[in-house]
file model-v2.pdb (PDB, C-alpha atoms)
ATOM      1  CA  LEU J   1       3.795 106.227 -39.847  1.00  0.00           C
ATOM      2  CA  ASP J   2       7.434 106.453 -40.939  1.00  0.00           C
ATOM      3  CA  PRO J   3       8.207 107.609 -43.608  1.00  0.00           C
ATOM      4  CA  LYS J   4       5.327 110.061 -43.296  1.00  0.00           C
ATOM      5  CA  ILE J   5       2.527 109.990 -45.861  1.00  0.00           C
ATOM      6  CA  GLU J   6      -0.442 112.325 -46.046  1.00  0.00           C
ATOM      7  CA  GLY J   7      -3.616 110.537 -45.044  1.00  0.00           C
ATOM      8  CA  LYS J   8      -6.145 109.901 -42.308  1.00  0.00           C
ATOM      9  CA  TRP J   9      -6.319 107.362 -39.474  1.00  0.00           C
ATOM     10  CA  GLN J  10      -9.704 106.141 -38.318  1.00  0.00           C
ATOM     11  CA  TRP J  11     -11.112 103.361 -36.178  1.00  0.00           C
ATOM     12  CA  ASP J  12     -13.558 101.003 -37.885  1.00  0.00           C
ATOM     13  CA  GLY J  13     -15.215  99.650 -34.742  1.00  0.00           C
ATOM     14  CA  ASP J  14     -13.089  98.967 -31.653  1.00  0.00           C
ATOM     15  CA  LYS J  15     -10.654  96.438 -33.193  1.00  0.00           C
ATOM     16  CA  LEU J  16      -9.711  97.724 -36.663  1.00  0.00           C
ATOM     17  CA  LEU J  17      -7.567 100.820 -37.170  1.00  0.00           C
ATOM     18  CA  ARG J  18      -7.431 101.958 -40.799  1.00  0.00           C
ATOM     19  CA  PHE J  19      -5.114 104.392 -42.585  1.00  0.00           C
ATOM     20  CA  ASN J  20      -6.373 105.933 -45.834  1.00  0.00           C
ATOM     21  CA  PRO J  21      -3.528 107.604 -47.773  1.00  0.00           C
ATOM     22  CA  LYS J  22      -4.301 110.775 -49.724  1.00  0.00           C
ATOM     23  CA  SER J  23      -2.442 109.418 -52.770  1.00  0.00           C
ATOM     24  CA  GLU J  24      -1.170 106.022 -53.916  1.00  0.00           C
ATOM     25  CA  TRP J  25       1.436 104.163 -51.869  1.00  0.00           C
ATOM     26  CA  PRO J  26       4.932 104.392 -53.340  1.00  0.00           C
ATOM     27  CA  PRO J  27       5.849 100.959 -54.737  1.00  0.00           C
ATOM     28  CA  GLY J  28       8.199  98.632 -52.894  1.00  0.00           C
ATOM     29  CA  ALA J  29       8.742 100.905 -49.872  1.00  0.00           C
ATOM     30  CA  GLU J  30       9.195  99.834 -46.230  1.00  0.00           C
ATOM     31  CA  PHE J  31       7.088 101.530 -43.541  1.00  0.00           C
ATOM     32  CA  THR J  32       6.934 101.416 -39.755  1.00  0.00           C
ATOM     33  CA  VAL J  33       3.763 102.057 -37.752  1.00  0.00           C
ATOM     34  CA  THR J  34       4.357 103.107 -34.135  1.00  0.00           C
ATOM     35  CA  LEU J  35       1.495 102.957 -31.614  1.00  0.00           C
ATOM     36  CA  GLU J  36       1.945 105.376 -28.700  1.00  0.00           C
ATOM     37  CA  ARG J  37       0.937 104.079 -25.265  1.00  0.00           C
ATOM     38  CA  GLY J  38      -2.122 105.793 -23.859  1.00  0.00           C
ATOM     39  CA  VAL J  39      -2.764 107.657 -27.121  1.00  0.00           C
ATOM     40  CA  ALA J  40      -3.585 105.176 -29.890  1.00  0.00           C
ATOM     41  CA  LEU J  41      -4.794 102.508 -27.443  1.00  0.00           C
ATOM     42  CA  ALA J  42      -6.779 102.532 -24.215  1.00  0.00           C
ATOM     43  CA  GLU J  43      -4.555 102.855 -21.117  1.00  0.00           C
ATOM     44  CA  PRO J  44      -5.011  99.285 -19.733  1.00  0.00           C
ATOM     45  CA  VAL J  45      -4.013  97.733 -23.065  1.00  0.00           C
ATOM     46  CA  ARG J  46      -0.495  96.285 -23.247  1.00  0.00           C
ATOM     47  CA  MET J  47       1.229  95.016 -26.399  1.00  0.00           C
ATOM     48  CA  ALA J  48       4.332  92.888 -26.848  1.00  0.00           C
ATOM     49  CA  ASP J  49       5.469  95.138 -29.716  1.00  0.00           C
ATOM     50  CA  TYR J  50       4.340  98.712 -30.366  1.00  0.00           C
ATOM     51  CA  ARG J  51       5.981  98.844 -33.794  1.00  0.00           C
ATOM     52  CA  ILE J  52       4.706  97.104 -36.933  1.00  0.00           C
ATOM     53  CA  ARG J  53       6.737  96.987 -40.141  1.00  0.00           C
ATOM     54  CA  PHE J  54       5.348  96.318 -43.601  1.00  0.00           C
ATOM     55  CA  MET J  55       6.191  96.722 -47.299  1.00  0.00           C
ATOM     56  CA  SER J  56       3.990  98.347 -49.915  1.00  0.00           C
ATOM     57  CA  ALA J  57       3.290  96.320 -53.066  1.00  0.00           C
ATOM     58  CA  PRO J  58       6.288  96.115 -55.416  1.00  0.00           C
ATOM     59  CA  PHE J  59       6.290  97.342 -59.009  1.00  0.00           C
ATOM     60  CA  LEU J  60       5.639  94.405 -61.357  1.00  0.00           C
ATOM     61  CA  ALA J  61       5.480  94.009 -65.133  1.00  0.00           C
ATOM     62  CA  LYS J  62       4.206  91.025 -67.109  1.00  0.00           C
ATOM     63  CA  LEU J  63       3.614  90.139 -70.745  1.00  0.00           C
ATOM     64  CA  THR J  64      -0.093  89.321 -70.851  1.00  0.00           C
ATOM     65  CA  GLU J  65      -0.347  88.790 -74.626  1.00  0.00           C
ATOM     66  CA  ALA J  66       1.920  88.397 -77.652  1.00  0.00           C
ATOM     67  CA  LYS J  67       0.635  87.217 -81.022  1.00  0.00           C
ATOM     68  CA  PHE J  68       1.023  87.387 -84.799  1.00  0.00           C
ATOM     69  CA  TYR J  69      -1.594  89.710 -86.304  1.00  0.00           C
ATOM     70  CA  GLN J  70      -2.843  90.086 -89.857  1.00  0.00           C
ATOM     71  CA  ASP J  71      -5.057  93.056 -90.721  1.00  0.00           C
ATOM     72  CA  PRO J  72      -8.423  91.676 -91.943  1.00  0.00           C
ATOM     73  CA  VAL J  73      -8.786  94.594 -94.385  1.00  0.00           C
ATOM     74  CA  ASP J  74      -5.197  94.722 -95.659  1.00  0.00           C
ATOM     75  CA  PRO J  75      -3.736  91.177 -95.890  1.00  0.00           C
ATOM     76  CA  ALA J  76      -0.271  92.646 -96.553  1.00  0.00           C
ATOM     77  CA  ALA J  77      -0.213  94.306 -93.116  1.00  0.00           C
ATOM     78  CA  LYS J  78       1.253  91.571 -90.936  1.00  0.00           C
ATOM     79  CA  LYS J  79       2.906  92.287 -87.591  1.00  0.00           C
ATOM     80  CA  VAL J  80       3.443  91.105 -84.029  1.00  0.00           C
ATOM     81  CA  VAL J  81       1.460  92.807 -81.265  1.00  0.00           C
ATOM     82  CA  ALA J  82       2.065  92.450 -77.524  1.00  0.00           C
ATOM     83  CA  THR J  83       0.591  93.834 -74.308  1.00  0.00           C
ATOM     84  CA  VAL J  84       2.639  94.514 -71.164  1.00  0.00           C
ATOM     85  CA  ASN J  85       0.684  95.040 -67.930  1.00  0.00           C
ATOM     86  CA  PHE J  86       2.018  96.986 -64.914  1.00  0.00           C
ATOM     87  CA  SER J  87       0.992  96.980 -61.258  1.00  0.00           C
ATOM     88  CA  HIS J  88       1.626 100.778 -61.045  1.00  0.00           C
ATOM     89  CA  PRO J  89       1.809 103.525 -63.699  1.00  0.00           C
ATOM     90  CA  VAL J  90       5.066 103.011 -65.581  1.00  0.00           C
ATOM     91  CA  ASP J  91       7.888 105.457 -66.304  1.00  0.00           C
ATOM     92  CA  THR J  92       7.342 105.473 -70.077  1.00  0.00           C
ATOM     93  CA  ALA J  93      10.676 107.053 -71.074  1.00  0.00           C
ATOM     94  CA  ASP J  94      12.604 104.462 -69.058  1.00  0.00           C
ATOM     95  CA  PHE J  95      10.424 101.557 -70.213  1.00  0.00           C
ATOM     96  CA  GLU J  96      10.902 102.290 -73.913  1.00  0.00           C
ATOM     97  CA  LYS J  97      14.669 101.780 -73.553  1.00  0.00           C
ATOM     98  CA  ARG J  98      14.105  98.226 -72.298  1.00  0.00           C
ATOM     99  CA  VAL J  99      11.903  96.822 -75.075  1.00  0.00           C
ATOM    100  CA  THR J 100      13.438  94.845 -77.943  1.00  0.00           C
ATOM    101  CA  LEU J 101      11.848  92.876 -80.772  1.00  0.00           C
ATOM    102  CA  ARG J 102      14.216  90.422 -82.447  1.00  0.00           C
ATOM    103  CA  LEU J 103      13.563  87.955 -85.263  1.00  0.00           C
ATOM    104  CA  ALA J 104      15.301  84.593 -85.078  1.00  0.00           C
ATOM    105  CA  GLY J 105      18.668  84.991 -86.739  1.00  0.00           C
ATOM    106  CA  GLN J 106      19.080  88.673 -85.893  1.00  0.00           C
ATOM    107  CA  SER J 107      22.312  89.238 -83.975  1.00  0.00           C
ATOM    108  CA  GLU J 108      22.296  90.332 -80.324  1.00  0.00           C
ATOM    109  CA  GLY J 109      25.750  91.830 -80.877  1.00  0.00           C
ATOM    110  CA  ILE J 110      28.570  92.055 -78.356  1.00  0.00           C
ATOM    111  CA  LEU J 111      28.035  94.432 -75.418  1.00  0.00           C
ATOM    112  CA  GLY J 112      25.298  96.092 -77.436  1.00  0.00           C
ATOM    113  CA  LEU J 113      27.502  96.695 -80.495  1.00  0.00           C
ATOM    114  CA  GLY J 114      26.311  95.301 -83.812  1.00  0.00           C
ATOM    115  CA  SER J 115      22.951  94.214 -82.427  1.00  0.00           C
ATOM    116  CA  GLN J 116      19.987  93.864 -84.787  1.00  0.00           C
ATOM    117  CA  SER J 117      16.323  94.278 -83.946  1.00  0.00           C
ATOM    118  CA  THR J 118      12.894  94.803 -85.481  1.00  0.00           C
ATOM    119  CA  PRO J 119      11.467  98.369 -85.313  1.00  0.00           C
ATOM    120  CA  PHE J 120       8.269  98.843 -83.303  1.00  0.00           C
ATOM    121  CA  LYS J 121       5.850 101.449 -81.959  1.00  0.00           C
ATOM    122  CA  LEU J 122       4.605 101.840 -78.383  1.00  0.00           C
ATOM    123  CA  SER J 123       1.363 103.261 -77.036  1.00  0.00           C
ATOM    124  CA  TYR J 124      -0.227 103.302 -73.560  1.00  0.00           C
ATOM    125  CA  ASP J 125      -3.628 103.387 -71.941  1.00  0.00           C
ATOM    126  CA  LYS J 126      -4.819 106.480 -70.053  1.00  0.00           C
ATOM    127  CA  TRP J 127      -3.358 105.405 -66.699  1.00  0.00           C
ATOM    128  CA  LYS J 128      -0.039 104.032 -68.070  1.00  0.00           C
ATOM    129  CA  LEU J 129      -0.913 100.602 -66.641  1.00  0.00           C
ATOM    130  CA  ASN J 130      -0.731  98.855 -70.029  1.00  0.00           C
ATOM    131  CA  ALA J 131       1.770  99.239 -72.848  1.00  0.00           C
ATOM    132  CA  PHE J 132       0.879  98.113 -76.377  1.00  0.00           C
ATOM    133  CA  VAL J 133       3.781  97.036 -78.588  1.00  0.00           C
ATOM    134  CA  HIS J 134       3.263  96.920 -82.373  1.00  0.00           C
ATOM    135  CA  SER J 135       6.066  95.774 -84.634  1.00  0.00           C
ATOM    136  CA  GLU J 136       6.568  97.412 -88.001  1.00  0.00           C
ATOM    137  CA  PRO J 137       4.942  95.426 -90.884  1.00  0.00           C
ATOM    138  CA  LEU J 138       6.811  92.157 -91.321  1.00  0.00           C
ATOM    139  CA  ALA J 139       7.997  90.685 -94.607  1.00  0.00           C
ATOM    140  CA  ILE J 140       6.836  87.075 -94.585  1.00  0.00           C
ATOM    141  CA  PRO J 141       9.874  84.743 -94.654  1.00  0.00           C
ATOM    142  CA  ALA J 142      10.133  81.706 -96.931  1.00  0.00           C
ATOM    143  CA  LYS J 143      10.135  79.403 -93.891  1.00  0.00           C
ATOM    144  CA  PRO J 144       8.330  79.745 -90.526  1.00  0.00           C
ATOM    145  CA  THR J 145      10.326  81.626 -87.897  1.00  0.00           C
ATOM    146  CA  THR J 146       9.848  83.344 -84.531  1.00  0.00           C
ATOM    147  CA  LEU J 147      10.016  86.893 -83.248  1.00  0.00           C
ATOM    148  CA  GLU J 148      10.933  87.371 -79.596  1.00  0.00           C
ATOM    149  CA  VAL J 149       9.442  90.233 -77.559  1.00  0.00           C
ATOM    150  CA  VAL J 150      11.855  91.112 -74.734  1.00  0.00           C
ATOM    151  CA  VAL J 151      11.461  93.529 -71.807  1.00  0.00           C
ATOM    152  CA  ASP J 152      14.758  93.823 -69.939  1.00  0.00           C
ATOM    153  CA  ALA J 153      14.923  94.022 -66.145  1.00  0.00           C
ATOM    154  CA  GLY J 154      15.113  97.466 -64.577  1.00  0.00           C
ATOM    155  CA  ALA J 155      11.765  98.987 -65.620  1.00  0.00           C
ATOM    156  CA  ARG J 156      10.526 101.523 -63.070  1.00  0.00           C
ATOM    157  CA  ALA J 157       7.241 102.945 -61.848  1.00  0.00           C
ATOM    158  CA  ALA J 158       6.536 106.605 -62.547  1.00  0.00           C
ATOM    159  CA  ARG J 159       6.658 107.205 -58.753  1.00  0.00           C
ATOM    160  CA  GLY J 160      10.060 105.542 -58.406  1.00  0.00           C
ATOM    161  CA  GLY J 161      10.885 102.691 -56.064  1.00  0.00           C
ATOM    162  CA  PRO J 162      12.807  99.483 -56.767  1.00  0.00           C
ATOM    163  CA  PRO J 163      12.862  98.452 -60.461  1.00  0.00           C
ATOM    164  CA  THR J 164      11.761  95.107 -61.872  1.00  0.00           C
ATOM    165  CA  ALA J 165      14.321  92.417 -61.106  1.00  0.00           C
ATOM    166  CA  ALA J 166      13.814  89.960 -63.971  1.00  0.00           C
ATOM    167  CA  LYS J 167      13.687  90.055 -67.750  1.00  0.00           C
ATOM    168  CA  ILE J 168      10.417  88.947 -69.372  1.00  0.00           C
ATOM    169  CA  ALA J 169      10.177  87.543 -72.895  1.00  0.00           C
ATOM    170  CA  ARG J 170       7.799  85.751 -75.236  1.00  0.00           C
ATOM    171  CA  ALA J 171       8.508  84.096 -78.607  1.00  0.00           C
ATOM    172  CA  VAL J 172       5.812  84.533 -81.271  1.00  0.00           C
ATOM    173  CA  SER J 173       5.519  82.210 -84.280  1.00  0.00           C
ATOM    174  CA  VAL J 174       5.687  83.965 -87.665  1.00  0.00           C
ATOM    175  CA  PRO J 175       4.319  81.778 -90.499  1.00  0.00           C
ATOM    176  CA  GLY J 176       6.397  81.266 -93.627  1.00  0.00           C
ATOM    177  CA  LEU J 177       5.412  82.090 -97.185  1.00  0.00           C
ATOM    178  CA  TYR J 178       4.574  78.470 -98.023  1.00  0.00           C
ATOM    179  CA  SER J 179       3.208  77.358 -94.666  1.00  0.00           C
ATOM    180  CA  LEU J 180      -0.484  76.768 -94.175  1.00  0.00           C
ATOM    181  CA  ALA J 181      -2.284  75.569 -91.069  1.00  0.00           C
ATOM    182  CA  VAL J 182      -5.989  75.052 -90.434  1.00  0.00           C
ATOM    183  CA  ASN J 183      -6.594  76.331 -86.894  1.00  0.00           C
ATOM    184  CA  SER J 184     -10.229  75.320 -86.586  1.00  0.00           C
ATOM    185  CA  VAL J 185     -13.260  73.987 -88.430  1.00  0.00           C
ATOM    186  CA  ARG J 186     -16.704  74.527 -86.961  1.00  0.00           C
ATOM    187  CA  HIS J 187     -20.380  74.308 -87.813  1.00  0.00           C
ATOM    188  CA  ALA J 188     -22.576  77.407 -87.550  1.00  0.00           C
ATOM    189  CA  LEU J 189     -26.225  78.366 -88.015  1.00  0.00           C
ATOM    190  CA  VAL J 190     -26.975  81.822 -89.438  1.00  0.00           C
ATOM    191  CA  ASN J 191     -30.059  83.625 -90.696  1.00  0.00           C
ATOM    192  CA  ASN J 192     -30.231  84.634 -94.356  1.00  0.00           C
ATOM    193  CA  GLU J 193     -31.862  87.843 -95.642  1.00  0.00           C
ATOM    194  CA  ARG J 194     -35.300  86.161 -95.239  1.00  0.00           C
ATOM    195  CA  TYR J 195     -34.470  85.283 -91.591  1.00  0.00           C
ATOM    196  CA  GLU J 196     -34.338  81.594 -92.455  1.00  0.00           C
ATOM    197  CA  PRO J 197     -31.659  79.493 -90.710  1.00  0.00           C
ATOM    198  CA  GLU J 198     -28.880  78.207 -92.944  1.00  0.00           C
ATOM    199  CA  GLN J 199     -25.984  75.898 -92.096  1.00  0.00           C
ATOM    200  CA  LEU J 200     -22.392  76.962 -92.637  1.00  0.00           C
ATOM    201  CA  LEU J 201     -19.020  75.313 -92.269  1.00  0.00           C
ATOM    202  CA  VAL J 202     -16.418  77.834 -91.063  1.00  0.00           C
ATOM    203  CA  ALA J 203     -12.727  77.043 -91.531  1.00  0.00           C
ATOM    204  CA  GLU J 204     -10.043  79.274 -90.039  1.00  0.00           C
ATOM    205  CA  ALA J 205      -6.629  79.060 -91.718  1.00  0.00           C
TER     206      ALA J 205
END

call {"tool": "encode", "arguments": {"input": "model-v2.pdb", "output": "structure tokens"}}
result
Amino acid sequence: LDPKIEGKWQWDGDKLLRFNPKSEWPPGAEFTVTLERGVALAEPVRMADYRIRFMSAPFLAKLTEAKFYQDPVDPAAKKVVATVNFSHPVDTADFEKRVTLRLAGQSEGILGLGSQSTPFKLSYDKWKLNAFVHSEPLAIPAKPTTLEVVVDAGARAARGGPPTAAKIARAVSVPGLYSLAVNSVRHALVNNERYEPEQLLVAEA
């Protein structure tokens, strides 16, 4: 195997040769497997090509969720939360430079100068496979607007390899001060303190 990686080759039966690496494959890398005549295969066996080339899985990032959130305990705590999922553990220091939250109307600036954005906080799961973006508490505008969550191209895996090639973004609706929408109305049956069923109408606004 070239480039060399620590691991073990083994035959699973007489037709399947398996390589188990000691650690994870580096993302987006090209490898060549060379089969030596009379060593890897039985002597009578002949192949048209004794070299096999393949690529390991590339590093990918995607926005799996982005939504407006209101704290059920503190109605004044309103913010946008988003989740970014990675195919490999991410380089957190590099990733944090590529995240921007921008309300509609905030300037992108010129060549990075004079740009405006919304402050946010980042946290990660144990394996650095998910990043959780929380905006600072938002002041509710008079009219409905949007906040865009942007992850610029160039994010890298912690183990290196080619970076992400495309920017990902999602616009989240932020309700205005005087806007009201009824999202759903449903019927429900619940038990009271005497374990008797009672009918309820539940409206979500």

call {"tool": "closest_residue", "arguments": {"input": "model-v2.pdb", "among": "J:His187, J:Lys97, J:Lys126, J:Arg53", "to": "Pro3 of chain J", "atoms": "all atoms listed in the file"}}
result
J:Arg53

call {"tool": "axis_aligned_box", "arguments": {"input": "model-v2.pdb", "around": "segment 67-85 of chain J", "padding_each_side": "8 Å", "output": "lines of an AutoDock Vina configuration file"}}
result
center_x = -2.7
center_y = 91.1
center_z = -82.2
size_x = 28.2
size_y = 23.8
size_z = 44.6

call {"tool": "closest_residue", "arguments": {"input": "model-v2.pdb", "among": "J:Lys15, J:Arg159, J:Lys78, J:Lys4", "to": "Ala42 of chain J", "atoms": "all atoms listed in the file"}}
result
J:Lys15

call {"tool": "closest_residue", "arguments": {"input": "model-v2.pdb", "among": "J:Glu65, J:Ser184, J:Val190, J:Ser123", "to": "Val202 of chain J", "atoms": "only C-alpha atoms"}}
result
J:Ser184

call {"tool": "closest_residue", "arguments": {"input": "model-v2.pdb", "among": "J:Ile5, J:Ala40, J:Leu200, J:Ala29", "to": "Ala57 of chain J", "atoms": "only C-alpha atoms"}}
result
J:Ala29

call {"tool": "resolve_selection", "arguments": {"input": "model-v2.pdb", "expression": "the PyMOL selection byres ((chain J and resi 144-153) around 6)", "output": "MDAnalysis selection string"}}
result
chainID J and resid 98:104 143 154:155 164:176

call {"tool": "resolve_selection", "arguments": {"input": "model-v2.pdb", "expression": "the PyMOL selection byres ((chain J and resi 82) around 9)", "output": "list in words"}}
result
Leu63, Thr64, Glu65, Ala66, Lys67, Phe68, Val80, Val81, Thr83, Val84, Ala131, Phe132, Val133, His134, Ser135 and Val149 of chain J

call {"tool": "residues_around", "arguments": {"input": "model-v2.pdb", "residues": "Thr92 of chain J", "least_positions_apart": "3", "cutoff": "9 Å", "atoms": "all atoms listed in the file", "output": "PyMOL selection string"}}
result
chain J and resi 89+95-97+124+128+131+156-158

call {"tool": "resolve_selection", "arguments": {"input": "model-v2.pdb", "expression": "the PyMOL selection byres ((chain J and resi 162) around 8)", "output": "number ranges by chain"}}
result
J: 27-28, 58-59, 156, 160-161, 163-164

call {"tool": "atom_distance", "arguments": {"input": "model-v2.pdb", "atom1": "atom CA of Val45 of chain J", "atom2": "atom CA of Leu16 of chain J"}}
result
14.7 Å

call {"tool": "closest_residue", "arguments": {"input": "model-v2.pdb", "among": "J:Asn20, J:Ala93, J:Tyr69, J:Gly105", "to": "Pro141 of chain J", "atoms": "all atoms listed in the file"}}
result
J:Gly105

call {"tool": "decode", "arguments": {"input": "model-v2.pdb", "residues": "segment 117-136 of chain J", "atoms": "N, CA, C and O atoms", "output": "compact mmCIF listing (two decimals), in the first residue's frame"}}
result
# COMPACT_ATOMS: atom_id res chain seq x y z
N SER J 117 -21.57 41.61 11.45
CA SER J 117 -22.08 40.26 11.68
C SER J 117 -22.69 40.17 13.07
O SER J 117 -22.55 41.09 13.89
N THR J 118 -23.37 39.06 13.32
CA THR J 118 -24.01 38.81 14.61
C THR J 118 -23.11 37.90 15.43
O THR J 118 -22.70 36.84 14.95
N PRO J 119 -22.78 38.28 16.68
CA PRO J 119 -21.91 37.42 17.52
C PRO J 119 -22.56 36.06 17.78
O PRO J 119 -23.79 35.93 17.78
N PHE J 120 -21.74 35.05 18.00
CA PHE J 120 -22.24 33.70 18.25
C PHE J 120 -21.25 32.93 19.10
O PHE J 120 -20.10 33.35 19.30
N LYS J 121 -21.70 31.77 19.60
CA LYS J 121 -20.85 30.85 20.35
C LYS J 121 -20.87 29.49 19.67
O LYS J 121 -21.88 29.10 19.09
N LEU J 122 -19.73 28.78 19.76
CA LEU J 122 -19.61 27.46 19.14
C LEU J 122 -19.28 26.42 20.20
O LEU J 122 -18.49 26.66 21.11
N SER J 123 -19.89 25.24 20.05
CA SER J 123 -19.51 24.10 20.88
C SER J 123 -19.52 22.86 19.99
O SER J 123 -20.03 22.89 18.87
N TYR J 124 -18.92 21.76 20.50
CA TYR J 124 -18.75 20.55 19.68
C TYR J 124 -19.13 19.32 20.50
O TYR J 124 -19.12 19.34 21.73
N ASP J 125 -19.44 18.24 19.78
CA ASP J 125 -19.64 16.98 20.48
C ASP J 125 -18.27 16.37 20.80
O ASP J 125 -17.21 16.91 20.45
N LYS J 126 -18.29 15.23 21.49
CA LYS J 126 -17.04 14.61 21.97
C LYS J 126 -16.06 14.30 20.85
O LYS J 126 -14.85 14.46 21.00
N TRP J 127 -16.58 13.88 19.68
CA TRP J 127 -15.70 13.42 18.60
C TRP J 127 -15.42 14.52 17.58
O TRP J 127 -14.76 14.26 16.58
N LYS J 128 -15.92 15.72 17.81
CA LYS J 128 -15.73 16.85 16.87
C LYS J 128 -16.34 16.55 15.49
O LYS J 128 -15.83 16.99 14.47
N LEU J 129 -17.44 15.79 15.50
CA LEU J 129 -18.14 15.47 14.25
C LEU J 129 -19.37 16.36 14.06
O LEU J 129 -19.98 16.34 12.99
N ASN J 130 -19.73 17.12 15.08
CA ASN J 130 -20.85 18.05 15.00
C ASN J 130 -20.48 19.35 15.71
O ASN J 130 -19.91 19.32 16.81
N ALA J 131 -20.77 20.46 15.05
CA ALA J 131 -20.56 21.78 15.65
C ALA J 131 -21.93 22.41 15.89
O ALA J 131 -22.81 22.33 15.02
N PHE J 132 -22.11 23.03 17.05
CA PHE J 132 -23.38 23.64 17.41
C PHE J 132 -23.17 25.16 17.51
O PHE J 132 -22.38 25.63 18.31
N VAL J 133 -23.88 25.88 16.65
CA VAL J 133 -23.75 27.33 16.56
C VAL J 133 -24.94 27.98 17.26
O VAL J 133 -26.09 27.69 16.91
N HIS J 134 -24.67 28.85 18.23
CA HIS J 134 -25.72 29.58 18.94
C HIS J 134 -25.46 31.07 18.82
O HIS J 134 -24.41 31.55 19.27
N SER J 135 -26.38 31.79 18.20
CA SER J 135 -26.21 33.24 18.13
C SER J 135 -26.39 33.85 19.51
O SER J 135 -26.99 33.24 20.41
N GLU J 136 -25.88 35.06 19.68
CA GLU J 136 -26.18 35.81 20.89
C GLU J 136 -27.68 36.12 20.89
O GLU J 136 -28.33 36.11 19.84
